[in-house]
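Trainee: Data file coords_0.cif (mmCIF, C-alpha atoms and all ligand atoms) is appended below.
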```cif
data_input
loop_
_atom_site.label_atom_id
_atom_site.label_comp_id
_atom_site.auth_asym_id
_atom_site.auth_seq_id
_atom_site.Cartn_x
_atom_site.Cartn_y
_atom_site.Cartn_z
CA MET M 1 -35.90 31.67 -24.77
CA GLY M 2 -36.50 33.23 -21.38
CA GLY M 3 -39.39 35.53 -20.82
CA LEU M 4 -39.29 39.28 -21.00
CA PRO M 5 -42.88 40.00 -19.95
CA PHE M 6 -42.69 43.73 -20.57
CA GLY M 7 -41.39 46.16 -23.16
CA GLU M 8 -38.96 49.01 -22.62
CA ARG M 9 -41.56 51.08 -20.78
CA VAL M 10 -44.39 50.02 -18.46
CA PRO M 11 -47.45 51.93 -17.16
CA PHE M 12 -46.29 52.45 -13.59
CA GLY M 13 -49.61 53.47 -12.00
CA ALA M 14 -51.57 50.61 -13.52
CA LEU M 15 -49.02 48.02 -12.40
CA VAL M 16 -49.00 49.49 -8.88
CA SER M 17 -52.81 49.31 -8.73
CA ARG M 18 -52.75 45.68 -9.84
CA ARG M 19 -49.82 44.87 -7.52
CA GLU M 20 -48.28 43.22 -10.54
CA ARG M 21 -45.42 40.79 -9.98
CA PHE M 22 -43.01 39.41 -12.51
CA GLU M 23 -40.99 36.34 -11.55
CA GLY M 24 -38.26 34.68 -13.56
CA VAL M 25 -37.73 37.65 -15.83
CA GLU M 26 -34.81 37.18 -18.20
CA ILE M 27 -33.33 40.22 -19.90
CA PRO M 28 -31.25 39.30 -22.95
CA PRO M 29 -27.75 40.86 -23.05
CA GLY M 30 -28.76 42.69 -26.23
CA SER M 31 -31.16 44.77 -24.14
CA LEU M 32 -28.35 45.90 -21.83
CA PRO M 33 -26.11 47.97 -24.11
CA ARG M 34 -24.66 50.22 -21.41
CA LEU M 35 -23.75 47.25 -19.23
CA ALA M 36 -22.24 45.52 -22.26
CA ALA M 37 -20.08 48.60 -22.88
CA ALA M 38 -18.92 48.61 -19.26
CA CYS M 39 -17.59 45.04 -19.15
CA LEU M 40 -15.75 42.52 -21.34
CA SER M 41 -18.89 40.50 -21.87
CA ILE M 42 -22.26 39.64 -20.41
CA LEU M 43 -22.25 35.90 -19.77
CA GLY M 44 -26.00 35.32 -19.91
CA PRO M 45 -29.35 36.98 -19.55
CA ALA M 46 -29.87 39.15 -16.49
CA LYS M 47 -32.39 37.55 -14.13
CA ALA M 48 -34.91 39.59 -12.24
CA ARG M 49 -38.00 39.49 -10.11
CA VAL M 50 -40.00 42.65 -9.94
CA ALA M 51 -43.00 43.61 -7.82
CA PHE M 52 -45.15 46.72 -8.01
CA GLY M 53 -47.28 47.86 -5.12
CA ARG M 54 -48.00 50.41 -2.44
CA ASP M 55 -46.19 50.49 0.84
CA LEU M 56 -47.92 51.21 4.13
CA GLN M 57 -47.60 54.95 3.62
CA GLY M 58 -49.23 54.77 0.22
CA LEU M 59 -46.11 55.21 -1.88
CA GLY M 60 -46.18 53.47 -5.23
CA THR M 61 -43.08 51.31 -5.42
CA ILE M 62 -41.14 49.02 -7.70
CA SER M 63 -39.05 46.53 -5.76
CA GLY M 64 -37.22 43.28 -6.31
CA GLN M 65 -33.88 41.93 -7.33
CA VAL M 66 -31.85 41.82 -10.52
CA SER M 67 -28.64 39.89 -11.10
CA CYS M 68 -26.31 39.26 -14.00
CA GLU M 69 -23.07 37.38 -14.52
CA VAL M 70 -20.47 39.40 -16.36
CA GLU M 71 -16.83 39.19 -17.30
CA LEU M 72 -14.61 42.08 -16.30
CA SER M 73 -10.95 42.74 -16.89
CA CYS M 74 -8.80 42.27 -13.77
CA GLU M 75 -6.85 45.44 -13.10
CA ARG M 76 -3.87 43.53 -11.72
CA CYS M 77 -3.27 40.78 -14.30
CA GLY M 78 -5.46 41.86 -17.18
CA ASN M 79 -7.13 38.46 -17.36
CA PRO M 80 -10.90 38.06 -17.48
CA LEU M 81 -12.63 37.96 -14.15
CA ARG M 82 -16.13 36.64 -13.53
CA GLU M 83 -18.36 38.71 -11.35
CA THR M 84 -22.01 38.30 -10.42
CA LEU M 85 -23.71 41.66 -10.11
CA CYS M 86 -26.69 41.49 -7.81
CA CYS M 87 -28.90 44.36 -6.77
CA GLU M 88 -31.86 44.57 -4.42
CA PHE M 89 -33.94 47.60 -5.28
CA CYS M 90 -36.89 49.54 -3.99
CA SER M 91 -37.80 52.80 -5.67
CA THR M 92 -40.67 55.23 -5.89
CA PRO M 93 -41.55 58.09 -8.21
CA ASP M 94 -43.60 59.76 -5.43
CA ARG M 95 -40.92 62.31 -4.71
CA GLU M 96 -42.90 64.74 -2.59
CA LEU M 97 -44.54 62.08 -0.46
CA ALA M 98 -41.19 60.36 0.09
CA HIS M 99 -39.68 63.67 1.16
CA SER M 100 -42.53 64.57 3.48
CA LEU M 101 -42.30 61.14 5.12
CA ARG M 102 -38.49 61.40 5.26
CA LEU M 103 -38.13 58.12 3.43
CA GLU M 104 -35.46 59.27 0.98
CA ASP M 105 -32.90 57.08 2.71
CA ARG M 106 -34.95 53.92 2.36
CA LEU M 107 -36.24 54.46 -1.15
CA ASP M 108 -34.51 55.50 -4.32
CA LEU M 109 -36.38 58.09 -6.29
CA ILE M 110 -37.11 57.43 -9.95
CA GLU M 111 -38.53 59.55 -12.73
CA LEU M 112 -41.53 58.58 -14.79
CA GLY M 113 -42.06 59.83 -18.31
CA PRO M 114 -44.66 62.54 -18.98
CA ASP M 115 -47.12 59.76 -19.85
CA GLY M 116 -46.60 58.10 -16.46
CA THR M 117 -44.55 55.23 -17.81
CA LEU M 118 -41.37 53.84 -16.32
CA ALA M 119 -38.40 52.95 -18.55
CA ILE M 120 -38.09 49.63 -16.76
CA LEU M 121 -35.26 48.12 -18.78
CA ASP M 122 -33.17 51.26 -18.30
CA TYR M 123 -34.01 51.18 -14.61
CA LEU M 124 -32.93 47.55 -14.17
CA GLU M 125 -29.79 48.22 -16.19
CA ASP M 126 -29.01 51.21 -13.95
CA CYS M 127 -29.32 48.92 -10.92
CA LEU M 128 -26.75 46.53 -12.41
CA LEU M 129 -24.40 49.35 -13.43
CA LEU M 130 -24.38 50.60 -9.84
CA GLU M 131 -23.15 47.18 -8.71
CA LEU M 132 -20.05 47.23 -10.91
CA PRO M 133 -16.95 47.23 -8.70
CA VAL M 134 -14.92 50.43 -8.76
CA VAL M 135 -11.80 48.32 -9.20
CA ALA M 136 -12.22 44.82 -10.66
CA ARG M 137 -9.61 42.45 -9.27
CA HIS M 138 -9.17 38.75 -8.63
CA ALA M 139 -9.14 37.82 -4.97
CA GLU M 140 -5.74 37.99 -3.28
CA GLY M 141 -3.84 34.74 -3.96
CA ASP M 142 -6.13 33.62 -6.76
CA PRO M 143 -3.95 31.43 -9.03
CA ALA M 144 -5.81 32.88 -12.03
CA CYS M 145 -4.26 36.22 -11.17
CA GLU M 146 -0.60 35.40 -11.77
CA VAL M 147 1.17 37.72 -14.11
CA PRO M 148 3.66 35.70 -16.23
CA GLU M 149 7.24 36.83 -15.55
CA GLY M 150 7.95 37.73 -19.16
CA LEU M 151 5.00 40.05 -19.27
CA MET M 152 5.98 42.02 -16.20
CA VAL M 153 6.33 45.59 -17.20
CA ASP M 154 9.44 47.30 -15.87
CA PRO M 155 8.29 50.84 -15.28
CA LEU M 156 11.84 52.16 -15.85
CA ALA M 157 12.00 50.58 -19.29
CA GLU M 158 8.96 52.43 -20.40
CA GLY M 159 9.33 55.63 -22.32
CA GLU M 160 12.47 54.95 -24.33
CA GLY M 161 12.04 52.37 -27.04
CA ARG M 162 8.32 52.57 -26.61
CA PRO M 163 6.60 52.12 -29.93
CA GLU M 164 5.18 55.32 -31.22
CA SER M 165 1.48 55.71 -31.32
CA PRO M 166 0.11 54.61 -34.68
CA PHE M 167 -1.53 58.00 -34.85
CA SER M 168 1.70 59.95 -34.53
CA ALA M 169 2.45 59.32 -38.23
CA LEU M 170 -0.76 61.13 -39.04
CA ARG M 171 0.35 64.22 -37.23
CA GLY M 172 0.93 67.10 -39.59
CA GLN M 173 -1.08 65.37 -42.28
CA LEU M 174 -4.45 66.32 -40.96
CA PRO M 175 -5.95 69.47 -42.50
CA GLY M 176 -6.31 71.12 -39.10
CA ASP M 177 -2.61 70.69 -38.34
CA ARG M 178 -1.34 72.52 -41.40
CA GLY M 179 0.28 75.92 -41.16
ZN ZN I 1 -6.17 39.12 -11.84
#
```
Have the structure of the file written as structure tokens, please.
Mentor:
Amino acid sequence: MGGLPFGERVPFGALVSRRERFEGVEIPPGSLPRLAAACLSILGPAKARVAFGRDLQGLGTISGQVSCEVELSCERCGNPLRETLCCEFCSTPDRELAHSLRLEDRLDLIELGPDGTLAILDYLEDCLLLELPVVARHAEGDPACEVPEGLMVDPLAEGEGRPESPFSALRGQLPGDRG
């Protein structure tokens, strides 16, 4: 079992002061429910390295890399498609300082809880979610992406002879639909 050296939330300030580093972090798919909902499956634990510290201007930062191999549904052929999501991140909760130094472009701003803790698993999951492709597709010419002839959908044939929605039989039977 890979190591998850922290819980859902970490004390941001203390880790910054200690310049804490976590290498070889493995986040089990069960801890990534939003990512799981956004793809067909998560193929293994997400891997991360995370470092806390202060940059030269004194901003407390969390930086590092997180990656995860997932299976998406190809929008062209409908077959599963493997994708490795990989995100380099560098964020700070020091909003005002970042603004005054005009560093908003180089650093993402994050929110800490009222107790000064960072929801680190949510944060790392957010990073992965941002890497999801807008349109998941096999590469052009990928033999895995062939649509079998018989399954080609003729757009003109649609409509007529289309099976009715299984819910259409329920119409008129629901209390709200009466009268
Ligand atoms: Zn495809």
Trainee: Check the smallest atom-to-atom distance from each of M:Thr84, M:Ser17, M:Ser67, M:Thr92 to Leu112 (chain M) using all atoms listed in the file, then report the winner.
Mentor: M:Thr92
Trainee: Residues of chain M that approach ligand ZN 1 (chain I) to 9 Å or less, counting all atoms listed in the file: could you list each one with the shortest pair of atoms and its distance in Å to one decimal, rows by chain and increasing residue number, as CSV?
Mentor:
```
residue,atom,partner,partner_atom,distance
M:Ser73,CA,I:ZN1,ZN,7.8
M:Cys74,CA,I:ZN1,ZN,4.5
M:Glu75,CA,I:ZN1,ZN,6.5
M:Arg76,CA,I:ZN1,ZN,5.0
M:Cys77,CA,I:ZN1,ZN,4.1
M:Gly78,CA,I:ZN1,ZN,6.0
M:Asn79,CA,I:ZN1,ZN,5.6
M:Pro80,CA,I:ZN1,ZN,7.4
M:Leu81,CA,I:ZN1,ZN,7.0
M:Ala136,CA,I:ZN1,ZN,8.4
M:Arg137,CA,I:ZN1,ZN,5.4
M:His138,CA,I:ZN1,ZN,4.4
M:Ala139,CA,I:ZN1,ZN,7.6
M:Glu140,CA,I:ZN1,ZN,8.6
M:Asp142,CA,I:ZN1,ZN,7.5
M:Pro143,CA,I:ZN1,ZN,8.5
M:Ala144,CA,I:ZN1,ZN,6.3
M:Cys145,CA,I:ZN1,ZN,3.5
M:Glu146,CA,I:ZN1,ZN,6.7
M:Val147,CA,I:ZN1,ZN,7.8
```
Trainee: For C-alpha atoms, I'd like the residues from the last selection saved as an mmCIF file, in the coordinates of the input.
Mentor:
```cif
data_model
loop_
_atom_site.group_PDB
_atom_site.id
_atom_site.type_symbol
_atom_site.label_atom_id
_atom_site.label_comp_id
_atom_site.auth_asym_id
_atom_site.auth_seq_id
_atom_site.Cartn_x
_atom_site.Cartn_y
_atom_site.Cartn_z
ATOM 1 C CA SER M 73 -10.950 42.740 -16.890
ATOM 2 C CA CYS M 74 -8.800 42.270 -13.770
ATOM 3 C CA GLU M 75 -6.850 45.440 -13.100
ATOM 4 C CA ARG M 76 -3.870 43.530 -11.720
ATOM 5 C CA CYS M 77 -3.270 40.780 -14.300
ATOM 6 C CA GLY M 78 -5.460 41.860 -17.180
ATOM 7 C CA ASN M 79 -7.130 38.460 -17.360
ATOM 8 C CA PRO M 80 -10.900 38.060 -17.480
ATOM 9 C CA LEU M 81 -12.630 37.960 -14.150
ATOM 10 C CA ALA M 136 -12.220 44.820 -10.660
ATOM 11 C CA ARG M 137 -9.610 42.450 -9.270
ATOM 12 C CA HIS M 138 -9.170 38.750 -8.630
ATOM 13 C CA ALA M 139 -9.140 37.820 -4.970
ATOM 14 C CA GLU M 140 -5.740 37.990 -3.280
ATOM 15 C CA ASP M 142 -6.130 33.620 -6.760
ATOM 16 C CA PRO M 143 -3.950 31.430 -9.030
ATOM 17 C CA ALA M 144 -5.810 32.880 -12.030
ATOM 18 C CA CYS M 145 -4.260 36.220 -11.170
ATOM 19 C CA GLU M 146 -0.600 35.400 -11.770
ATOM 20 C CA VAL M 147 1.170 37.720 -14.110
#
```
Trainee: From the set M:Ile62, M:Val25, M:Leu128, M:Val10, which residue has the shortest atom-to-atom contact distance to Ile110 (chain M), counting only C-alpha atoms?
Mentor: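 The answer is M:Ile62, which sits nearest to Ile110 (chain M).
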Trainee: For CA of Thr117 (chain M) and CA of Val66 (chain M), determine how far apart the two atoms are, in Å to one decimal place.
Mentor: 19.9 Å
Trainee: Would you mind telling me which residue in M:Cys90, M:Ala119, M:Leu103, M:Leu97 lies nearest to Val50 (chain M) when using only C-alpha atoms?
Mentor: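 Checking each candidate against Val50 (chain M), we get M:Cys90 as the closest.
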